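K.L.:
My structure is stored as query_2.txt, with compact mmCIF, C-alpha atoms.
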```txt
# COMPACT_ATOMS: atom_id res chain seq x y z
CA MET A 1 119.48 92.09 159.71
CA PRO A 2 117.55 89.35 157.84
CA ASP A 3 114.58 89.91 160.15
CA GLU A 4 114.70 93.66 159.48
CA LEU A 5 114.89 93.13 155.72
CA GLU A 6 111.93 90.78 155.83
CA LEU A 7 109.99 93.35 157.86
CA LEU A 8 110.71 96.03 155.27
CA ARG A 9 109.73 93.77 152.40
CA ARG A 10 106.40 92.95 154.04
CA ALA A 11 105.73 96.59 154.85
CA ASN A 12 106.76 97.84 151.38
CA PRO A 13 103.84 100.02 150.17
CA VAL A 14 105.18 99.98 146.60
CA PRO A 15 106.03 96.36 145.66
CA HIS A 16 107.87 95.57 142.42
CA ASP A 17 104.61 94.53 140.75
CA GLY A 18 102.58 97.45 142.06
CA PRO A 19 102.03 101.00 140.69
CA HIS A 20 105.09 103.26 140.33
CA PHE A 21 105.86 105.44 143.36
CA GLY A 22 104.78 109.03 142.82
CA ASP A 23 102.08 108.33 140.22
CA GLY A 24 99.31 108.95 142.74
CA PRO A 25 98.19 108.59 146.36
CA LEU A 26 98.78 105.29 148.15
CA ASP A 27 95.84 102.97 148.49
CA GLN A 28 94.41 101.84 151.85
CA ARG A 29 96.51 98.69 152.00
CA ALA A 30 99.71 100.68 151.34
CA GLU A 31 98.77 103.19 154.04
CA TRP A 32 98.17 100.32 156.46
CA ARG A 33 101.59 98.90 155.68
CA LEU A 34 103.23 102.25 156.36
CA ASP A 35 101.37 102.61 159.65
CA ARG A 36 102.85 99.31 160.76
CA LEU A 37 106.45 100.53 160.56
CA PRO A 38 106.50 103.08 163.46
CA ARG A 39 105.24 100.41 165.87
CA GLN A 40 108.45 98.40 165.44
CA PRO A 41 111.54 98.87 167.62
CA ARG A 42 113.49 102.09 167.10
CA PRO A 43 116.50 100.49 165.32
CA THR A 44 114.17 99.32 162.57
CA ARG A 45 112.91 102.86 161.98
CA ARG A 46 116.49 104.11 161.63
CA VAL A 47 117.27 101.39 159.14
CA SER A 48 114.15 102.12 157.09
CA ARG A 49 114.88 105.87 157.05
CA ALA A 50 118.48 105.33 156.00
CA ARG A 51 117.40 102.98 153.24
CA LEU A 52 114.76 105.46 152.07
CA LEU A 53 117.28 108.32 151.87
CA TRP A 54 119.76 106.08 150.08
CA GLY A 55 117.01 105.05 147.63
CA LEU A 56 116.06 108.66 146.89
CA ALA A 57 119.70 109.59 146.37
CA ALA A 58 120.24 106.59 144.10
CA THR A 59 117.15 107.54 142.09
CA GLY A 60 118.58 111.03 141.56
CA VAL A 61 121.87 109.58 140.40
CA VAL A 62 120.10 107.21 137.99
CA LEU A 63 118.03 110.03 136.49
CA ALA A 64 121.06 112.31 136.17
CA THR A 65 123.10 109.51 134.61
CA ALA A 66 120.27 108.61 132.25
CA PHE A 67 119.89 112.23 131.15
CA ALA A 68 123.64 112.55 130.59
CA ALA A 69 123.67 109.34 128.57
CA LEU A 70 120.64 110.32 126.54
CA VAL A 71 121.45 113.96 125.89
CA GLY A 72 125.22 114.05 126.31
CA GLY A 73 127.44 117.08 126.53
CA PRO A 74 127.83 119.84 123.93
CA ASN A 75 130.32 117.75 121.91
CA THR A 76 128.76 114.32 122.22
CA ARG A 77 126.10 112.49 120.25
CA PRO A 78 123.11 111.01 122.12
CA ALA A 79 124.03 107.43 122.95
CA LEU A 80 120.66 105.91 123.79
CA ALA A 81 118.04 108.37 122.62
CA ALA A 82 117.95 107.61 118.91
CA PRO A 83 116.58 104.29 117.68
CA ARG A 84 118.52 102.50 114.98
CA PRO A 85 116.98 102.27 111.50
CA LEU A 86 114.94 99.15 110.89
CA THR A 87 116.90 96.37 109.21
CA VAL A 88 115.48 94.25 106.41
CA ARG A 89 116.08 90.53 106.81
CA ALA A 90 118.70 89.52 104.27
CA ASP A 91 117.12 86.09 103.70
CA SER A 92 113.56 87.39 103.18
CA THR A 93 111.67 87.56 99.89
CA PRO A 94 110.10 90.92 98.98
CA VAL A 95 106.35 90.78 98.37
CA PRO A 96 105.23 93.09 95.53
CA LEU A 97 102.50 95.56 96.45
CA THR A 98 100.29 94.15 93.71
CA ARG A 99 100.47 90.73 95.40
CA LEU A 100 99.86 92.23 98.85
CA ALA A 101 96.83 94.06 97.46
CA GLU A 102 95.37 90.70 96.44
CA LEU A 103 96.02 89.25 99.90
CA ALA A 104 94.48 92.30 101.58
CA ALA A 105 91.36 92.09 99.40
CA THR A 106 90.91 88.43 100.36
CA ALA A 107 91.41 89.22 104.06
CA ALA A 108 88.79 91.99 103.83
CA ALA A 109 86.08 89.75 102.37
CA ASP A 110 84.08 89.61 105.61
CA GLY A 111 84.56 93.33 106.33
CA SER A 112 86.14 92.74 109.73
CA PRO A 113 87.63 94.58 111.54
CA ARG A 114 85.64 97.73 110.81
CA LEU A 115 86.68 101.35 110.42
CA ARG A 116 86.95 103.31 113.68
CA LYS A 117 87.49 107.03 114.20
CA GLY A 118 90.44 107.79 116.45
CA THR A 119 94.02 106.58 116.62
CA HIS A 120 96.57 104.83 118.81
CA VAL A 121 100.12 105.60 117.74
CA GLN A 122 103.60 105.30 119.21
CA SER A 123 106.03 107.83 117.75
CA TRP A 124 109.73 108.64 117.89
CA SER A 125 110.72 112.06 116.55
CA LEU A 126 114.08 113.80 116.40
CA SER A 127 114.36 117.16 118.11
CA MET A 128 117.10 119.31 116.56
CA THR A 129 118.47 122.66 117.70
CA ASP A 130 121.48 124.62 116.41
CA GLY A 131 124.54 124.00 118.55
CA LYS A 132 122.99 121.15 120.56
CA PRO A 133 123.05 117.39 119.99
CA PRO A 134 119.78 115.99 118.63
CA VAL A 135 117.62 113.87 120.89
CA THR A 136 114.81 111.46 120.08
CA LEU A 137 111.51 111.98 121.86
CA PRO A 138 109.28 108.89 122.23
CA GLU A 139 105.56 109.45 122.82
CA GLU A 140 102.35 107.46 122.76
CA ARG A 141 99.09 109.09 121.69
CA VAL A 142 95.55 107.74 122.05
CA VAL A 143 92.54 109.55 120.58
CA ARG A 144 89.05 108.18 121.18
CA TRP A 145 85.78 109.55 119.78
CA ARG A 146 82.42 109.38 121.53
CA ALA A 147 78.90 108.93 120.21
CA ASP A 148 78.19 112.69 120.56
CA ASP A 149 81.21 113.54 118.32
CA SER A 150 83.32 114.76 121.23
CA HIS A 151 86.70 113.12 121.71
CA THR A 152 89.52 112.66 124.19
CA GLU A 153 93.27 112.78 123.68
CA LEU A 154 95.96 111.30 125.91
CA VAL A 155 99.68 111.75 125.21
CA VAL A 156 102.33 110.14 127.43
CA ALA A 157 106.12 109.98 127.31
CA THR A 158 107.04 106.32 126.97
CA ASP A 159 109.35 104.06 125.03
CA PRO A 160 108.15 100.44 124.76
CA ARG A 161 111.69 99.33 123.92
CA ARG A 162 112.77 100.27 127.47
CA PRO A 163 109.76 99.80 129.78
CA GLY A 164 110.08 101.46 133.14
CA ARG A 165 113.15 103.51 132.24
CA PRO A 166 113.34 107.34 132.16
CA VAL A 167 112.10 109.02 128.99
CA LEU A 168 113.17 112.21 127.25
CA THR A 169 110.67 114.94 126.44
CA ASP A 170 110.99 118.52 125.23
CA GLU A 171 107.77 119.68 126.87
CA GLY A 172 108.33 123.34 127.61
CA GLY A 173 111.03 123.71 124.96
CA ASP A 174 114.04 122.06 126.59
CA PRO A 175 114.86 118.32 126.65
CA ARG A 176 114.47 116.83 130.09
CA VAL A 177 114.00 113.43 131.69
CA VAL A 178 110.60 112.31 132.96
CA ALA A 179 109.33 109.01 134.32
CA ASP A 180 108.07 106.36 131.93
CA GLY A 181 104.35 106.97 131.43
CA HIS A 182 104.53 110.68 132.33
CA VAL A 183 101.37 112.40 131.03
CA LEU A 184 102.26 115.16 128.57
CA ARG A 185 98.71 116.04 127.60
CA ARG A 186 95.23 114.93 128.62
CA ALA A 187 92.30 116.76 127.05
CA THR A 188 88.62 116.42 126.18
CA TYR A 189 87.31 118.26 123.12
CA PRO A 190 83.69 119.32 122.49
CA PRO A 191 81.60 117.81 119.70
CA SER A 192 82.85 118.63 116.20
CA TRP A 193 82.15 117.29 112.74
CA SER A 194 83.47 117.89 109.22
CA ASP A 195 82.70 116.41 105.82
CA ALA A 196 86.21 117.18 104.51
CA PRO A 197 89.20 114.80 104.67
CA PRO A 198 90.76 113.69 106.93
CA GLU A 199 87.81 114.27 109.29
CA ALA A 200 85.31 112.67 106.93
CA PRO A 201 85.23 108.85 106.84
CA PRO A 202 87.63 107.46 104.23
CA PRO A 203 86.13 105.45 101.35
CA HIS A 204 86.97 101.80 100.76
CA THR A 205 87.66 101.67 97.02
CA PRO A 206 91.12 102.55 95.62
CA ALA A 207 89.94 105.25 93.20
CA ALA A 208 87.79 107.05 95.77
CA LEU A 209 90.45 106.71 98.46
CA ARG A 210 93.11 108.16 96.15
CA ALA A 211 90.95 111.25 95.60
CA TYR A 212 90.33 111.45 99.36
CA LEU A 213 94.07 111.33 100.10
CA ALA A 214 94.80 114.01 97.47
CA GLU A 215 92.25 116.28 99.15
CA THR A 216 93.79 115.48 102.55
CA VAL A 217 97.13 117.01 101.52
CA ARG A 218 95.48 119.59 99.20
CA THR A 219 97.05 118.58 95.92
CA ASP A 220 95.89 117.73 92.41
CA SER A 221 99.03 115.68 91.79
CA LEU A 222 99.40 112.93 94.37
CA ASP A 223 103.03 111.90 93.90
CA THR A 224 104.59 109.30 96.18
CA PRO A 225 106.03 111.69 98.81
CA ARG A 226 102.66 113.41 99.20
CA LEU A 227 100.89 110.07 99.19
CA LEU A 228 103.01 108.94 102.14
CA ASP A 229 102.30 112.25 103.89
CA ALA A 230 98.59 111.67 103.34
CA VAL A 231 98.81 108.12 104.72
CA GLY A 232 100.33 109.44 107.94
CA GLU A 233 97.65 112.14 108.18
CA LEU A 234 94.89 109.59 107.59
CA LEU A 235 96.19 107.19 110.25
CA ASP A 236 96.51 110.00 112.78
CA HIS A 237 92.72 110.42 112.51
CA TRP A 238 91.36 106.95 111.73
CA THR A 239 91.98 103.32 112.62
CA LEU A 240 91.32 101.67 109.27
CA GLY A 241 89.09 98.68 108.85
CA ALA A 242 89.92 95.71 106.63
CA ARG A 243 88.24 97.18 103.54
CA GLU A 244 89.92 100.58 103.90
CA SER A 245 93.31 98.91 104.40
CA ALA A 246 92.81 96.84 101.26
CA ALA A 247 91.88 99.96 99.30
CA LEU A 248 94.95 101.75 100.60
CA VAL A 249 97.26 98.94 99.46
CA GLY A 250 95.60 99.23 96.04
CA VAL A 251 96.52 102.93 95.95
CA LEU A 252 100.08 102.23 97.11
CA ALA A 253 100.51 99.55 94.43
CA ASP A 254 100.31 102.30 91.78
CA ALA A 255 102.81 104.61 93.50
CA GLU A 256 105.98 105.27 91.52
CA GLY A 257 109.29 104.54 93.20
CA LEU A 258 107.84 102.63 96.15
CA ARG A 259 109.73 99.34 95.99
CA ALA A 260 109.45 96.15 98.00
CA VAL A 261 112.60 95.33 99.97
CA GLY A 262 111.69 92.39 102.22
CA GLN A 263 110.66 91.49 105.74
CA VAL A 264 111.29 93.57 108.86
CA THR A 265 110.29 93.47 112.51
CA ASP A 266 108.82 96.80 113.52
CA ARG A 267 109.58 98.67 116.75
CA LEU A 268 106.68 96.98 118.52
CA GLY A 269 107.94 93.51 117.60
CA ARG A 270 105.44 92.89 114.78
CA PRO A 271 106.47 91.18 111.51
CA GLY A 272 105.92 93.25 108.39
CA GLN A 273 106.80 93.74 104.75
CA ALA A 274 108.83 96.88 104.02
CA TYR A 275 108.45 99.22 101.06
CA VAL A 276 110.99 101.99 100.50
CA TYR A 277 110.89 105.33 98.70
CA GLU A 278 114.02 107.46 98.40
CA GLY A 279 113.75 111.15 97.58
CA GLU A 280 115.12 114.55 98.47
CA GLY A 281 113.34 114.53 101.81
CA GLY A 282 115.07 111.35 102.97
CA ARG A 283 114.48 107.63 102.84
CA ARG A 284 110.98 106.57 103.82
CA MET A 285 110.09 103.00 104.74
CA LEU A 286 106.47 101.92 104.94
CA ILE A 287 105.80 98.73 106.93
CA LEU A 288 102.66 96.73 106.11
CA ASP A 289 101.14 93.65 107.70
CA PRO A 290 102.07 90.74 105.38
CA ARG A 291 98.57 89.18 105.58
CA THR A 292 96.13 92.10 105.64
CA GLY A 293 98.09 95.06 104.25
CA THR A 294 97.39 97.08 107.40
CA VAL A 295 99.90 99.90 107.84
CA LEU A 296 102.05 99.13 110.86
CA GLY A 297 104.64 101.89 110.66
CA LEU A 298 106.39 104.60 108.69
CA GLU A 299 110.08 105.44 109.17
CA THR A 300 112.02 108.38 107.76
CA THR A 301 115.83 108.41 107.81
CA PHE A 302 118.36 110.98 106.66
CA THR A 303 120.11 110.21 103.37
CA SER A 304 122.83 112.83 103.86
CA ASP A 305 124.75 114.39 106.72
CA ALA A 306 123.45 117.56 108.41
CA PRO A 307 126.40 118.56 110.62
CA GLU A 308 124.74 121.81 111.68
CA TYR A 309 122.17 119.65 113.49
CA GLY A 310 124.54 116.86 114.53
CA VAL A 311 122.94 114.18 112.34
CA ARG A 312 124.42 111.78 109.82
CA ALA A 313 123.10 109.83 106.89
CA GLY A 314 121.15 106.84 108.20
CA ASP A 315 119.95 108.52 111.40
CA VAL A 316 116.23 108.12 112.09
CA MET A 317 114.34 111.39 111.60
CA ASP A 318 110.98 110.07 112.77
CA TYR A 319 109.02 106.88 113.16
CA ASN A 320 105.33 106.13 113.73
CA ALA A 321 103.89 102.78 114.77
CA TRP A 322 100.10 102.58 114.55
CA MET A 323 98.09 100.14 116.66
CA ARG A 324 94.49 99.03 116.73
```
Before we go any further, please render this structure as structure tokens.
P.N.:
Amino acid sequence: MPDELELLRRANPVPHDGPHFGDGPLDQRAEWRLDRLPRQPRPTRRVSRARLLWGLAATGVVLATAFAALVGGPNTRPALAAPRPLTVRADSTPVPLTRLAELAATAAADGSPRLRKGTHVQSWSLSMTDGKPPVTLPEERVVRWRADDSHTELVVATDPRRPGRPVLTDEGGDPRVVADGHVLRRATYPPSWSDAPPEAPPPHTPAALRAYLAETVRTDSLDTPRLLDAVGELLDHWTLGARESAALVGVLADAEGLRAVGQVTDRLGRPGQAYVYEGEGGRRMLILDPRTGTVLGLETTFTSDAPEYGVRAGDVMDYNAWMR
């Protein structure tokens, strides 16, 4: 048996550090390894076939178990799908937005990094349906623009908190389990251009950026909830440079009701300063880089129960983590 196991390990076309099985055709080396197996004595082929069938069956059980654990039955709450709300460190000192604006302006003195059109964002959003338990759908989206003003978009189902594990998606309308990294959408769009926000480049002074953000959400009165909406819309189109980030912190410093609460670690493991606004639409936490003021994330949680949707106060409604 040890000799047979060693033979299988050497012939394995999908090693633990190689690409996931089923993501594409095997390469030439993998094909060569497979071709080696039939040349071995017959008992080895029976062992390999039995192990393969057992592996496929076990994979089915794992996926079924994962789906049951994530979605649950009609009377259960999803156990693993929903991320917990971010927790502010009790021993941390809140940094006022006015102070962070000063730090961001200093960090932006050399103008680097620069503004770039496109976005890279990891999101978790709650899918709610009457009579069914809510589930959280994690996705990663990358948008890149080309010199001719065309752009590409790639959206995959993935959760960086659980690399390699099955992921929930509601592609097609019903929650289902897919493999980590499953492509939900891959598209290329023809050249397009607009001089209106958020397509137009954002300015890098607070006053001009405030007007830009008001136009982004089509309002003459940019209150704090709409300001936070506009920030999310902006970051879904642009990766801000140092000067634009500094200007944005300057705008946020004047927002009413946005209070500093202390240090958090975001869902991608990055340290940040948290700023919270509580309103009728829920509790919104904005996470900023403590040195540059760059927006790292935005979390919305329920502030009251919604039993018709199976959610309670404190549950995460949605979360976005932006990357460069």
K.L.:
Give the answer as one residue: which of A:Leu86, A:Val121, A:Ala105, A:Leu115 has the shortest atom-to-atom distance to Val249 in chain A, using only C-alpha atoms?
P.N.:
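Of A:Leu86, A:Val121, A:Ala105, A:Leu115, the one nearest Val249 in chain A is A:Ala105, counting only C-alpha atoms.
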K.L.:
Let me know the centre plus edge lengths, in Å and rounded to one decimal, of a box with edges along x, y and z that contains all listed atoms of range 175-191 of chain A and is padded by 5 Å on every side, as lines of an AutoDock Vina configuration file.
P.N.:
```
center_x = 98.2
center_y = 112.8
center_z = 127.0
size_x = 43.3
size_y = 23.0
size_z = 24.6
```
K.L.:
What's the separation between CA of Thr292 in chain A and CA of Thr98 in chain A, in Å to one decimal place?
P.N.:
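Rounded to one decimal, the two atoms are 12.8 Å apart.
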K.L.:
Pick from A:Gln122, A:Ser192, A:Thr129, A:Thr224: nearest to Asp148 in chain A, with only C-alpha atoms counted?
P.N.:
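Of A:Gln122, A:Ser192, A:Thr129, A:Thr224, the one nearest Asp148 in chain A, counting only C-alpha atoms, is A:Ser192.
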K.L.:
Counting all atoms listed in the file, which of A:Pro134, A:Arg162, A:Val156, A:Thr216 gets nearest to Asp315 in chain A?
P.N.:
A:Pro134
K.L.:
Under the rule that only C-alpha atoms are counted, which of A:Val316, A:Val276, A:Ala247, A:Leu298 is the nearest residue to Ala107 in chain A?
P.N.:
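The answer is A:Ala247, which sits nearest to Ala107 in chain A.
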K.L.:
Of the candidates A:Thr294, A:Asn320, A:Ser221, A:Gln263, which shows the shortest atom-to-atom distance to Ser92 in chain A, using all atoms listed in the file?
P.N.:
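The answer is A:Gln263, which sits nearest to Ser92 in chain A.
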K.L.:
Select all residues near (89.9, 105.8, 102.4) (cut-off 7 Å, inclusive, file coordinates), counting all atoms listed in the file, and output them as a VMD selection string.
P.N.:
chain A and resid 202 to 204 209 212 244 247 to 248
K.L.:
By how many Å are CA of His182 in chain A and CA of Thr119 in chain A apart?
P.N.:
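Calculated distance between CA of His182 in chain A and CA of Thr119 in chain A is 19.3 Å.
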K.L.:
When you draw a straight line from CA of Trp322 in chain A to CA of Tyr189 in chain A, how long is it in Å?
P.N.:
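So the answer is 22.0 Å.
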K.L.:
Find, counting all atoms listed in the file, the residue in A:Gly269, A:Pro197, A:Gly293, A:Pro175 that gets nearest to Val135 in chain A.
P.N.:
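Nearest candidate to Val135 in chain A out of A:Gly269, A:Pro197, A:Gly293, A:Pro175: A:Pro175.
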K.L.:
Taking the point (92.8, 112.7, 112.1) as given in the file, collect each protein or nucleic acid residue that comes within 6 Å of it, counting only C-alpha atoms, and present the set as a ChimeraX atom specification.
P.N.:
/A:198-199,234,236-238
